[in-house]
>>> print(open('run_12.cif').read())   # mmCIF, C-alpha atoms
data_model
#
loop_
_atom_site.label_atom_id
_atom_site.label_comp_id
_atom_site.auth_asym_id
_atom_site.auth_seq_id
_atom_site.Cartn_x
_atom_site.Cartn_y
_atom_site.Cartn_z
CA TYR A 150 60.67 131.55 66.67
CA GLY A 151 62.36 129.48 63.98
CA ILE A 152 59.68 130.45 61.43
CA ILE A 153 59.97 134.15 62.29
CA ALA A 154 63.77 133.91 62.09
CA ILE A 155 63.46 132.55 58.54
CA VAL A 156 60.98 135.26 57.50
CA THR A 157 63.19 137.95 59.02
CA ILE A 158 66.03 136.94 56.69
CA PHE A 159 64.12 138.14 53.64
CA ILE A 160 62.49 141.15 55.31
CA THR A 161 65.87 142.36 56.58
CA LEU A 162 67.51 142.10 53.16
CA ALA A 163 64.64 143.99 51.53
CA ASN A 164 64.81 146.68 54.23
CA VAL A 165 68.52 147.18 53.53
CA LEU A 166 67.73 147.83 49.87
CA VAL A 167 65.17 150.47 50.83
CA ASN A 168 66.71 152.05 53.93
CA ASP A 169 70.48 152.10 53.45
CA GLY A 170 72.34 154.17 50.92
CA PHE A 171 70.14 157.21 50.39
CA GLY A 172 69.53 157.63 54.11
CA SER A 173 73.29 157.85 54.72
CA ALA A 174 73.66 160.12 51.68
CA LEU A 175 71.08 162.56 53.11
CA ILE A 176 73.06 162.78 56.35
CA GLN A 177 76.48 163.07 54.70
CA LYS A 178 75.48 165.62 52.03
CA LYS A 179 76.54 169.11 53.14
CA ASP A 180 73.64 171.02 51.59
CA ALA A 181 70.73 168.53 51.73
CA ASP A 182 67.43 170.42 51.52
CA ASP A 183 63.68 169.72 51.47
CA LEU A 184 63.78 168.65 47.82
CA ASP A 185 66.45 166.04 48.60
CA PHE A 186 64.38 164.59 51.45
CA ALA A 187 61.16 164.62 49.42
CA SER A 188 62.84 162.97 46.43
CA VAL A 189 64.31 160.18 48.56
CA LEU A 190 60.98 159.70 50.35
CA TYR A 191 59.00 159.21 47.14
CA PHE A 192 61.73 157.07 45.61
CA ASN A 193 61.78 154.86 48.71
CA ILE A 194 58.00 154.43 48.68
CA ALA A 195 57.94 153.41 45.01
CA PHE A 196 60.93 151.10 45.36
CA SER A 197 59.62 149.47 48.56
CA ILE A 198 56.26 148.75 46.90
CA LEU A 199 58.13 147.04 44.06
CA LEU A 200 60.18 144.96 46.52
CA TYR A 201 57.06 143.97 48.45
CA ALA A 202 55.36 142.86 45.23
CA ILE A 203 58.38 140.67 44.41
CA LEU A 204 58.39 139.19 47.93
CA PHE A 205 54.62 138.58 47.76
CA LEU A 206 54.97 136.63 44.50
CA CYS A 207 58.07 134.72 45.65
CA ALA A 208 56.60 133.61 49.00
CA PRO A 209 55.50 130.15 47.72
CA PHE A 210 58.94 129.51 46.19
CA ILE A 211 60.65 130.48 49.46
CA ALA A 212 58.42 128.08 51.39
CA ASN A 213 59.18 125.31 48.87
CA PHE A 214 62.92 125.96 49.24
CA PHE A 215 62.77 125.06 52.94
CA GLY A 216 60.70 121.97 52.23
CA GLU A 217 57.58 120.31 53.52
CA GLY A 218 55.97 121.73 56.64
CA TYR A 219 56.92 125.37 55.92
CA GLU A 220 53.65 126.39 54.24
CA ILE A 221 53.02 128.88 57.07
CA LEU A 222 55.88 130.95 55.63
CA ILE A 223 53.67 132.10 52.74
CA PRO A 224 51.06 134.13 54.67
CA VAL A 225 53.59 135.24 57.30
CA LEU A 226 55.95 136.60 54.63
CA ARG A 227 53.13 138.38 52.84
CA VAL A 228 51.84 140.07 55.99
CA LEU A 229 55.17 140.87 57.65
CA GLY A 230 56.54 142.07 54.31
CA ILE A 231 54.31 145.17 54.56
CA ARG A 232 56.94 146.43 57.01
CA ILE A 233 59.21 147.05 54.00
CA ILE A 234 56.95 149.84 52.72
CA ILE A 235 56.56 151.42 56.16
CA SER A 236 60.31 151.21 56.79
CA GLY A 237 60.94 153.07 53.53
CA ILE A 238 59.14 156.07 55.04
CA ASN A 239 60.73 155.62 58.47
CA SER A 240 64.27 155.61 57.04
CA VAL A 241 63.82 159.16 55.69
CA GLN A 242 62.41 160.25 59.07
CA GLN A 243 65.46 158.81 60.80
CA ALA A 244 67.81 160.57 58.37
CA TYR A 245 66.07 163.88 59.20
CA VAL A 246 66.38 163.18 62.93
CA ALA A 247 70.08 162.31 62.62
CA ARG A 248 70.94 165.28 60.41
CA ASN A 249 69.24 167.71 62.80
CA MET A 250 70.42 165.87 65.94
CA ILE A 251 66.89 165.70 67.43
CA PHE A 252 67.21 162.23 68.93
CA ARG A 253 64.82 162.87 71.84
CA LYS A 254 61.83 162.70 69.51
CA PHE A 255 63.16 159.50 67.99
CA PHE A 256 63.63 158.02 71.47
CA TRP A 257 60.04 158.67 72.56
CA ALA A 258 58.57 157.38 69.31
CA THR A 259 60.69 154.22 69.51
CA LEU A 260 59.91 153.69 73.19
CA SER A 261 56.18 154.02 72.56
CA GLY A 262 56.35 151.55 69.69
CA THR A 263 58.33 149.07 71.76
CA VAL A 264 55.92 149.19 74.72
CA LEU A 265 52.75 148.97 72.63
CA SER A 266 54.13 146.18 70.45
CA ALA A 267 55.10 144.20 73.57
CA ILE A 268 51.55 144.53 74.89
CA VAL A 269 50.08 143.42 71.55
CA GLY A 270 52.52 140.50 71.26
CA ILE A 271 51.89 139.24 74.79
CA TRP A 272 48.10 139.54 74.42
CA MET A 273 48.10 137.67 71.11
CA ALA A 274 50.41 134.98 72.51
CA TYR A 275 48.17 134.35 75.52
CA SER A 276 45.14 134.37 73.20
CA GLY A 277 46.61 131.44 71.27
CA TYR A 278 47.63 133.16 68.02
CA GLY A 279 50.96 131.30 67.90
CA VAL A 280 53.39 132.65 65.32
CA TRP A 281 50.97 135.48 64.49
CA ALA A 282 51.67 136.95 67.94
CA LEU A 283 55.22 137.67 66.82
CA VAL A 284 53.94 139.03 63.50
CA GLY A 285 51.58 141.34 65.38
CA GLN A 286 54.38 142.50 67.65
CA HIS A 287 56.73 143.34 64.76
CA MET A 288 54.04 145.08 62.71
CA THR A 289 52.80 147.16 65.66
CA ASN A 290 56.33 148.27 66.49
CA THR A 291 57.08 149.46 62.95
CA ILE A 292 53.71 151.17 62.41
CA VAL A 293 53.63 152.98 65.76
CA ASN A 294 57.26 154.12 65.47
CA THR A 295 56.65 155.60 62.02
CA ILE A 296 53.33 157.29 62.84
CA LEU A 297 54.47 158.83 66.14
CA LEU A 298 57.79 159.99 64.72
CA GLY A 299 55.97 161.58 61.77
CA ILE A 300 53.59 163.40 64.13
CA SER A 301 56.38 164.62 66.43
CA LEU A 302 58.51 165.98 63.57
CA HIS A 303 55.65 168.20 62.26
CA ILE A 304 57.00 167.93 58.72
CA LYS A 305 54.93 167.98 55.56
CA PRO A 306 57.05 166.68 52.66
CA LYS A 307 57.16 168.80 49.51
CA LEU A 308 55.09 167.60 46.59
CA ALA A 309 58.17 167.58 44.40
CA PHE A 310 60.59 165.04 43.02
CA SER A 311 63.99 165.44 41.37
CA MET A 312 65.67 162.50 39.69
CA LYS A 313 68.73 164.72 39.32
CA ARG A 314 69.02 164.90 43.11
CA ILE A 315 68.61 161.11 43.37
CA ILE A 316 71.35 160.56 40.79
CA GLY A 317 73.56 163.07 42.59
CA MET A 318 73.40 161.00 45.77
CA LEU A 319 73.69 157.71 43.92
CA GLY A 320 77.51 157.56 43.94
CA PHE A 321 77.95 157.79 47.70
CA GLY A 322 74.67 156.04 48.47
CA SER A 323 75.24 153.06 46.18
CA ARG A 324 78.58 152.26 47.78
CA ILE A 325 77.10 152.47 51.27
CA LEU A 326 74.20 150.33 50.08
CA GLY A 327 76.61 147.79 48.60
CA SER A 328 78.50 147.64 51.89
CA SER A 329 75.28 147.23 53.88
CA LEU A 330 74.09 144.48 51.56
CA LEU A 331 77.37 142.63 52.04
CA ILE A 332 77.18 142.95 55.83
CA THR A 333 73.49 142.10 56.18
CA GLY A 334 73.45 139.59 53.33
CA TYR A 335 76.29 137.61 54.84
CA MET A 336 74.70 137.72 58.31
CA GLU A 337 71.39 136.48 56.95
CA LEU A 338 73.13 133.92 54.73
CA ARG A 339 74.33 132.17 57.87
CA ALA A 340 70.78 132.08 59.19
CA LEU A 341 69.56 130.81 55.82
CA ILE A 342 72.14 128.00 55.81
CA ILE A 343 71.26 127.00 59.38
CA GLY A 344 67.54 127.01 58.56
CA LYS A 345 68.12 124.86 55.47
CA MET A 346 70.86 122.48 56.62
CA TYR A 347 69.77 122.02 60.21
CA SER A 348 66.34 122.48 61.83
CA PRO A 349 63.99 125.33 62.81
CA ALA A 350 64.96 124.61 66.43
CA ASP A 351 68.68 125.05 65.64
CA LEU A 352 67.88 128.33 63.88
CA ALA A 353 65.76 129.44 66.85
CA PHE A 354 68.66 128.72 69.26
CA TYR A 355 71.05 130.58 66.95
CA ASP A 356 68.66 133.54 66.72
CA ARG A 357 68.10 133.62 70.49
CA GLY A 358 71.84 133.37 71.16
CA ARG A 359 72.36 136.41 68.97
CA GLN A 360 69.36 138.29 70.33
CA PHE A 361 70.54 139.25 73.82
CA PRO A 362 73.97 140.72 72.96
CA ASN A 363 72.52 142.25 69.79
CA LEU A 364 69.82 143.93 71.87
CA ILE A 365 72.50 145.65 73.95
CA VAL A 366 74.46 146.67 70.87
CA ALA A 367 71.34 147.97 69.12
CA ASN A 368 70.35 150.13 72.08
CA ILE A 369 73.79 151.46 73.02
CA ASN A 370 76.43 151.12 70.34
CA THR A 371 74.07 151.68 67.42
CA SER A 372 72.66 154.76 69.16
CA ILE A 373 76.17 156.12 69.59
CA GLY A 374 76.86 155.40 65.92
CA ALA A 375 73.68 157.21 64.90
CA VAL A 376 74.95 160.35 66.64
CA LEU A 377 78.53 159.93 65.45
CA PHE A 378 77.84 159.89 61.73
CA PRO A 379 75.94 163.21 61.49
CA LYS A 380 78.39 164.86 63.91
CA MET A 381 81.40 163.66 61.92
CA SER A 382 79.72 164.63 58.65
CA LYS A 383 79.51 168.21 59.88
CA GLU A 384 83.22 168.04 60.78
CA GLN A 385 84.25 166.26 57.58
CA ASP A 386 86.68 169.04 56.54
CA ASP A 387 88.43 169.01 59.94
CA LYS A 388 90.39 165.75 60.24
CA VAL A 389 91.69 166.59 63.73
CA ALA A 390 88.12 167.06 65.02
CA ILE A 391 87.02 163.77 63.44
CA LYS A 392 89.97 161.94 65.00
CA ASN A 393 89.10 163.33 68.43
CA THR A 394 85.44 162.38 67.99
CA THR A 395 86.41 158.87 66.84
CA ARG A 396 88.83 158.42 69.71
CA ASN A 397 86.39 159.62 72.36
CA SER A 398 83.69 157.38 70.91
CA ILE A 399 85.91 154.29 71.00
CA ARG A 400 86.97 154.95 74.58
CA PHE A 401 83.48 155.69 75.87
CA SER A 402 81.82 152.85 73.94
CA ALA A 403 84.43 150.36 75.13
CA TYR A 404 83.97 151.47 78.73
CA ILE A 405 80.21 150.82 78.49
CA MET A 406 80.18 147.79 76.18
CA CYS A 407 83.03 145.67 77.57
CA PRO A 408 81.50 145.03 81.02
CA MET A 409 78.10 144.42 79.45
CA MET A 410 79.36 141.87 76.93
CA LEU A 411 81.73 140.04 79.29
CA GLY A 412 79.22 140.25 82.13
CA LEU A 413 76.45 138.87 79.93
CA ALA A 414 78.70 136.00 78.86
CA VAL A 415 79.38 134.84 82.43
CA VAL A 416 75.73 135.09 83.61
CA ALA A 417 74.29 133.63 80.38
CA LYS A 418 73.15 130.32 81.84
CA PRO A 419 71.11 131.59 84.81
CA LEU A 420 69.78 134.47 82.68
CA VAL A 421 68.50 132.17 79.92
CA SER A 422 67.11 129.71 82.45
CA LEU A 423 65.23 132.46 84.26
CA LEU A 424 63.92 134.44 81.27
CA LEU A 425 63.40 131.71 78.67
CA THR A 426 63.20 128.52 80.81
CA ASP A 427 65.57 125.55 80.65
CA LYS A 428 64.37 124.42 77.21
CA TRP A 429 66.42 127.30 75.74
CA LEU A 430 69.68 126.36 77.49
CA PRO A 431 71.22 125.03 74.22
CA CYS A 432 71.55 128.66 73.11
CA VAL A 433 73.82 129.57 76.06
CA SER A 434 77.12 128.66 74.37
CA LEU A 435 76.03 130.54 71.23
CA LEU A 436 75.09 133.57 73.31
CA GLN A 437 78.55 133.58 74.93
CA LEU A 438 80.23 133.42 71.52
CA PHE A 439 78.11 136.32 70.26
CA CYS A 440 79.26 138.33 73.27
CA ILE A 441 82.83 137.94 72.00
CA ILE A 442 81.73 138.89 68.48
CA TYR A 443 80.12 142.12 69.70
CA LEU A 444 82.89 142.95 72.18
CA PHE A 445 84.89 144.84 69.55
CA GLN A 446 81.86 146.50 67.99
CA PRO A 447 82.75 149.97 69.36
CA ILE A 448 85.98 149.98 67.32
CA HIS A 449 84.22 148.73 64.20
CA THR A 450 81.44 151.31 64.48
CA ALA A 451 83.60 154.36 65.20
CA ASN A 452 86.12 153.55 62.46
CA MET A 453 83.52 152.83 59.80
CA GLN A 454 81.44 155.92 60.67
CA ALA A 455 84.56 158.07 60.34
CA ILE A 456 85.32 156.59 56.91
CA LYS A 457 81.73 157.26 55.79
CA ALA A 458 81.70 160.80 57.22
CA ILE A 459 84.76 161.96 55.27
CA GLY A 460 83.10 160.74 52.07
CA ARG A 461 85.27 157.65 51.50
CA SER A 462 82.41 155.28 50.77
CA ASP A 463 84.71 153.62 48.20
CA THR A 464 87.08 152.54 50.99
CA TYR A 465 84.09 151.44 53.07
CA LEU A 466 82.90 149.20 50.23
CA LYS A 467 86.37 147.79 49.51
CA LEU A 468 86.81 146.85 53.16
CA GLU A 469 83.51 144.99 53.20
CA ILE A 470 84.28 143.14 49.96
CA PHE A 471 87.63 142.03 51.38
CA LYS A 472 86.15 140.90 54.71
CA LYS A 473 83.13 139.18 53.24
CA SER A 474 85.28 137.28 50.74
CA ILE A 475 87.24 135.76 53.63
CA GLU A 476 84.09 135.13 55.64
CA LEU A 477 82.37 133.41 52.73
CA VAL A 478 85.28 131.04 52.11
CA THR A 479 85.55 130.09 55.78
CA LEU A 480 81.76 129.72 56.06
CA VAL A 481 81.73 127.18 53.23
CA ILE A 482 84.36 125.20 55.15
CA VAL A 483 82.72 125.21 58.60
CA MET A 484 79.00 125.14 57.77
CA TRP A 485 79.07 121.34 57.41
CA ILE A 486 80.38 120.85 60.95
CA SER A 487 77.80 122.41 63.27
CA VAL A 488 75.98 125.61 64.18
CA GLU A 489 78.57 126.18 66.93
CA ALA A 490 81.38 125.97 64.35
CA ILE A 491 79.68 128.67 62.28
CA VAL A 492 79.49 131.02 65.28
CA ILE A 493 83.06 130.24 66.41
CA ASN A 494 84.22 131.18 62.92
CA MET A 495 82.35 134.48 63.29
CA ALA A 496 84.03 135.19 66.63
CA VAL A 497 87.54 134.51 65.32
CA LEU A 498 87.04 136.70 62.25
CA ALA A 499 85.35 139.53 64.19
CA THR A 500 88.43 139.73 66.40
CA ALA A 501 90.83 139.61 63.44
CA PHE A 502 88.88 142.24 61.48
CA THR A 503 89.35 144.76 64.27
CA PHE A 504 92.74 145.50 62.74
CA VAL A 505 91.32 145.62 59.20
CA ASN A 506 88.69 148.22 60.13
CA ALA A 507 91.26 150.34 61.97
CA PHE A 508 93.81 150.35 59.15
CA PRO A 509 92.32 153.06 56.83
CA ASN A 510 92.11 155.64 59.61
CA SER A 511 95.83 155.35 60.30
CA LYS A 512 96.07 157.04 56.89
CA TYR A 513 92.99 159.28 56.86
CA LEU A 514 93.04 160.45 60.48
CA ASP A 515 96.53 159.52 61.71
CA TYR A 516 94.85 157.26 64.26
CA ASN A 517 96.60 153.90 64.08
CA PHE A 518 95.70 150.48 65.42
CA LYS A 519 98.21 150.68 68.28
CA GLU A 520 96.60 153.88 69.58
CA GLN A 521 93.16 152.33 69.33
CA MET A 522 94.23 149.26 71.28
CA PHE A 523 95.71 151.42 74.03
CA ASP A 524 92.43 153.33 74.16
CA ILE A 525 90.29 150.23 74.80
CA LEU A 526 92.67 147.96 76.77
CA PRO A 527 91.94 149.63 80.14
CA SER A 528 88.21 148.92 79.71
CA ILE A 529 88.80 145.35 78.49
CA GLY A 530 91.20 144.65 81.37
CA THR A 531 88.89 146.08 84.03
CA ALA A 532 85.85 144.29 82.59
CA GLY A 533 87.85 141.05 82.33
CA ILE A 534 88.79 141.09 86.01
CA MET A 535 85.18 141.79 86.94
CA ALA A 536 83.92 138.96 84.70
CA VAL A 537 86.31 136.40 86.21
CA LEU A 538 85.21 137.24 89.75
CA VAL A 539 81.52 137.13 88.79
CA PHE A 540 82.06 133.80 86.99
CA PHE A 541 83.23 132.05 90.17
CA MET A 542 80.17 133.32 92.02
CA GLN A 543 78.06 130.78 90.11
CA TYR A 544 79.28 128.10 92.53
CA ILE A 545 77.48 129.80 95.42
CA PRO A 546 74.58 127.47 96.37
CA LEU A 547 71.67 129.83 95.68
CA PRO A 548 68.47 129.56 93.60
CA THR A 549 68.67 130.96 90.06
CA MET A 550 67.04 134.36 90.61
CA PRO A 551 68.91 135.39 93.80
CA LEU A 552 72.18 134.18 92.26
CA LEU A 553 71.63 136.20 89.08
CA ILE A 554 70.75 139.34 91.04
CA LEU A 555 73.82 138.87 93.26
CA GLN A 556 76.10 138.38 90.23
CA ILE A 557 74.77 141.49 88.47
CA LEU A 558 75.02 143.71 91.56
CA CYS A 559 78.49 142.48 92.50
CA GLY A 560 79.66 142.86 88.90
CA LEU A 561 78.46 146.47 88.80
CA VAL A 562 80.07 147.33 92.14
CA LEU A 563 83.34 145.61 91.20
CA TYR A 564 83.54 147.45 87.87
CA LEU A 565 82.91 150.81 89.50
CA LEU A 566 85.47 150.11 92.26
CA LEU A 567 88.09 149.07 89.71
CA SER A 568 87.32 152.23 87.71
CA ILE A 569 87.90 154.35 90.81
CA VAL A 570 91.12 152.54 91.74
CA THR A 571 92.54 152.84 88.22
CA ASN A 572 91.36 156.47 87.91
CA ASN A 573 89.59 155.55 84.67
CA ARG A 574 89.20 158.55 82.33
CA GLU A 575 85.71 157.65 81.12
CA PHE A 576 84.48 157.01 84.66
CA LEU A 577 85.70 160.45 85.75
CA LEU A 578 84.02 162.03 82.71
CA ILE A 579 80.68 160.33 83.43
CA LYS A 580 80.98 161.32 87.10
CA ALA A 581 81.60 164.97 86.14
CA LEU A 582 78.63 164.94 83.74
CA ILE A 583 76.33 163.54 86.43
CA LYS A 584 77.50 166.18 88.94
CA THR A 585 76.87 168.94 86.39
CA LYS A 586 73.41 167.58 85.62
CA LEU A 587 72.51 167.37 89.32
CA LYS A 588 73.66 170.95 89.88
CA LEU A 589 71.51 172.16 87.00
CA LEU A 590 68.50 170.26 88.35
CA LYS A 591 69.08 171.65 91.82
CA ALA A 592 69.41 175.17 90.48
CA GLY A 593 66.21 174.72 88.49
CA ASN A 594 64.29 173.49 91.54
CA GLU A 595 65.53 176.39 93.66
CA GLY A 596 64.50 178.84 90.97
CA PHE A 597 61.05 177.26 90.84
#
>>> encode(input="run_12.cif", output="structure tokens")
Amino acid sequence: YGIIAIVTIFITLANVLVNDGFGSALIQKKDADDLDFASVLYFNIAFSILLYAILFLCAPFIANFFGEGYEILIPVLRVLGIRIIISGINSVQQAYVARNMIFRKFFWATLSGTVLSAIVGIWMAYSGYGVWALVGQHMTNTIVNTILLGISLHIKPKLAFSMKRIIGMLGFGSRILGSSLLITGYMELRALIIGKMYSPADLAFYDRGRQFPNLIVANINTSIGAVLFPKMSKEQDDKVAIKNTTRNSIRFSAYIMCPMMLGLAVVAKPLVSLLLTDKWLPCVSLLQLFCIIYLFQPIHTANMQAIKAIGRSDTYLKLEIFKKSIELVTLVIVMWISVEAIVINMAVLATAFTFVNAFPNSKYLDYNFKEQMFDILPSIGTAGIMAVLVFFMQYIPLPTMPLLILQILCGLVLYLLLSIVTNNREFLLIKALIKTKLKLLKAGNEGF
């Protein structure tokens, strides 16, 4: 896991160069047509091949950087790096899906890739392939996702290319790309420092601690963000509509994310012990810190998507430069202390930057930080009460699995009861949506 975490640093950075920027530009552009998509597709393929060639040649130098015993990085980087080329194609597919709001096809393609890659990874692991089991899992996921999504979209790209169209999207796209590079580059820089200054085991614990909360964010908050950006882009001339969309997103995301993050933090120890075994328990404290880091992600996502949607990629970039400058300075100070100090620094800054990300929209959308705090405080308060009660349940003398199940079930029931007692707006909305869906299903069955 430590080796794969190191390789992922470089693959992720290369993927940002290929995927971000033009993908966002395709979604944000009001009149994007087939020539725009075809031009970005062919540009991405050519650029990703160039990046892969650079990574292929640099693999020995990367292995030497980490020192003796890391020779396995060379073949792993060269094989896993093929994902860069495939991702260049997939990013254009995802932009098409987002622009046309056809997320069901994306869901099924992604689900199929996830299931098949899990089967391949498990089979290879039990067959004794070691680190190559993880390589096989990652490669299968990317390949299957791209192939199935391409088949389901039934799109044949035009055999045409326009550099003029590429240049036209370069202004907006380059600023989004710069912002993404700052965000991803800084995130991977921490992993790079841990891998170099500490040990592969420390990096593996760091990566595992980040994995669980990030998995939730990737499947819920990122999905919401993927819908938000194209929706807001279509409303970009109506600031009132964008404010309402941003506000509803923050409220709904907070209602879903807060209990998940706080709940995950309090059940982290039995969860890690059960799923990963006790040898992974050193990652528990890191996992709990990452839960705090991701707690405010709904505010960050909604605010930044709104800024992108109205075309203010310049503000987006300036915000990231400001934040990353502070993060870099503090990282240099704490990286000598411990891995835990690095993650604590992340948690403190993530909380502080909630205000920074909210500030521009007080001007652009008349949606200030105070309003945003009032919108999420009910969810944080309710989730906090639930988390405290679930935390004290750990002292019940039960085996790990029954205790974990009891904590999860009680946490869910407590959160729902508190939502009913407080007449929570988002709970009532979800309840109404479920009732409407059930009525439609019932009506459909009766008609059948």
>>> atom_distance(input="run_12.cif", atom1="atom CA of Val241 of chain A", atom2="atom CA of Leu184 of chain A")
12.3 Å
>>> resolve_selection(input="run_12.cif", expression="the PyMOL selection byres ((chain A and resi 503-520) around 7)", output="list in words")
Lys388, Lys392, Phe445, Ile448, His449, Asn452, Met453, Ala499, Thr500, Ala501, Phe502, Gln521, Met522, Phe523 and Asp524 of chain A
>>> closest_residue(input="run_12.cif", among="A:Phe214, A:Arg232, A:Gln446, A:Met495", to="Thr479 of chain A", atoms="only C-alpha atoms")
A:Met495
>>> resolve_selection(input="run_12.cif", expression="the PyMOL selection byres ((chain A and resi 395) around 9)", output="list of chain:residue names")
A:Leu377, A:Met381, A:Ala390, A:Ile391, A:Lys392, A:Asn393, A:Thr394, A:Arg396, A:Asn397, A:Ser398, A:Ile399, A:Arg400, A:Ile448, A:Ala451, A:Asn452, A:Gln454, A:Ala455, A:Tyr516
>>> resolve_selection(input="run_12.cif", expression="the PyMOL selection byres ((chain A and resi 411) around 9)", output="list in words")
Met406, Cys407, Pro408, Met409, Met410, Gly412, Leu413, Ala414, Val415, Val416, Gln437, Cys440, Ile441, Leu444, Ile529, Ala532, Gly533, Met535 and Ala536 of chain A
>>> write_last_selection(input="run_12.cif", atoms="C-alpha atoms", output="compact mmCIF listing (two decimals), in the frame of the given file")
# COMPACT_ATOMS: atom_id res chain seq x y z
CA MET A 406 80.18 147.79 76.18
CA CYS A 407 83.03 145.67 77.57
CA PRO A 408 81.50 145.03 81.02
CA MET A 409 78.10 144.42 79.45
CA MET A 410 79.36 141.87 76.93
CA GLY A 412 79.22 140.25 82.13
CA LEU A 413 76.45 138.87 79.93
CA ALA A 414 78.70 136.00 78.86
CA VAL A 415 79.38 134.84 82.43
CA VAL A 416 75.73 135.09 83.61
CA GLN A 437 78.55 133.58 74.93
CA CYS A 440 79.26 138.33 73.27
CA ILE A 441 82.83 137.94 72.00
CA LEU A 444 82.89 142.95 72.18
CA ILE A 529 88.80 145.35 78.49
CA ALA A 532 85.85 144.29 82.59
CA GLY A 533 87.85 141.05 82.33
CA MET A 535 85.18 141.79 86.94
CA ALA A 536 83.92 138.96 84.70
>>> closest_residue(input="run_12.cif", among="A:Lys418, A:Ala581, A:Val562, A:Ser474", to="Gln543 of chain A", atoms="all atoms listed in the file")
A:Lys418
>>> axis_aligned_box(input="run_12.cif", around="segment 483-486 of chain A", padding_each_side="3 Å", output="lines of an AutoDock Vina configuration file")
center_x = 80.9
center_y = 123.0
center_z = 59.2
size_x = 9.7
size_y = 10.4
size_z = 9.5
>>> closest_residue(input="run_12.cif", among="A:Val433, A:His303, A:Thr426, A:Ile203", to="Gln360 of chain A", atoms="all atoms listed in the file")
A:Val433
>>> atom_distance(input="run_12.cif", atom1="atom CA of Leu352 of chain A", atom2="atom CA of Ile221 of chain A")
16.4 Å
>>> closest_residue(input="run_12.cif", among="A:Ser434, A:Val293, A:Gly279, A:Glu489", to="Leu260 of chain A", atoms="only C-alpha atoms")
A:Val293
>>> atom_distance(input="run_12.cif", atom1="atom CA of Ile475 of chain A", atom2="atom CA of Leu438 of chain A")
19.4 Å
>>> closest_residue(input="run_12.cif", among="A:Tyr245, A:Phe354, A:Tyr191, A:Tyr201", to="Ala309 of chain A", atoms="all atoms listed in the file")
A:Tyr191
>>> closest_residue(input="run_12.cif", among="A:Ile223, A:Ile557, A:Ala244, A:Leu435", to="Asp351 of chain A", atoms="all atoms listed in the file")
A:Leu435
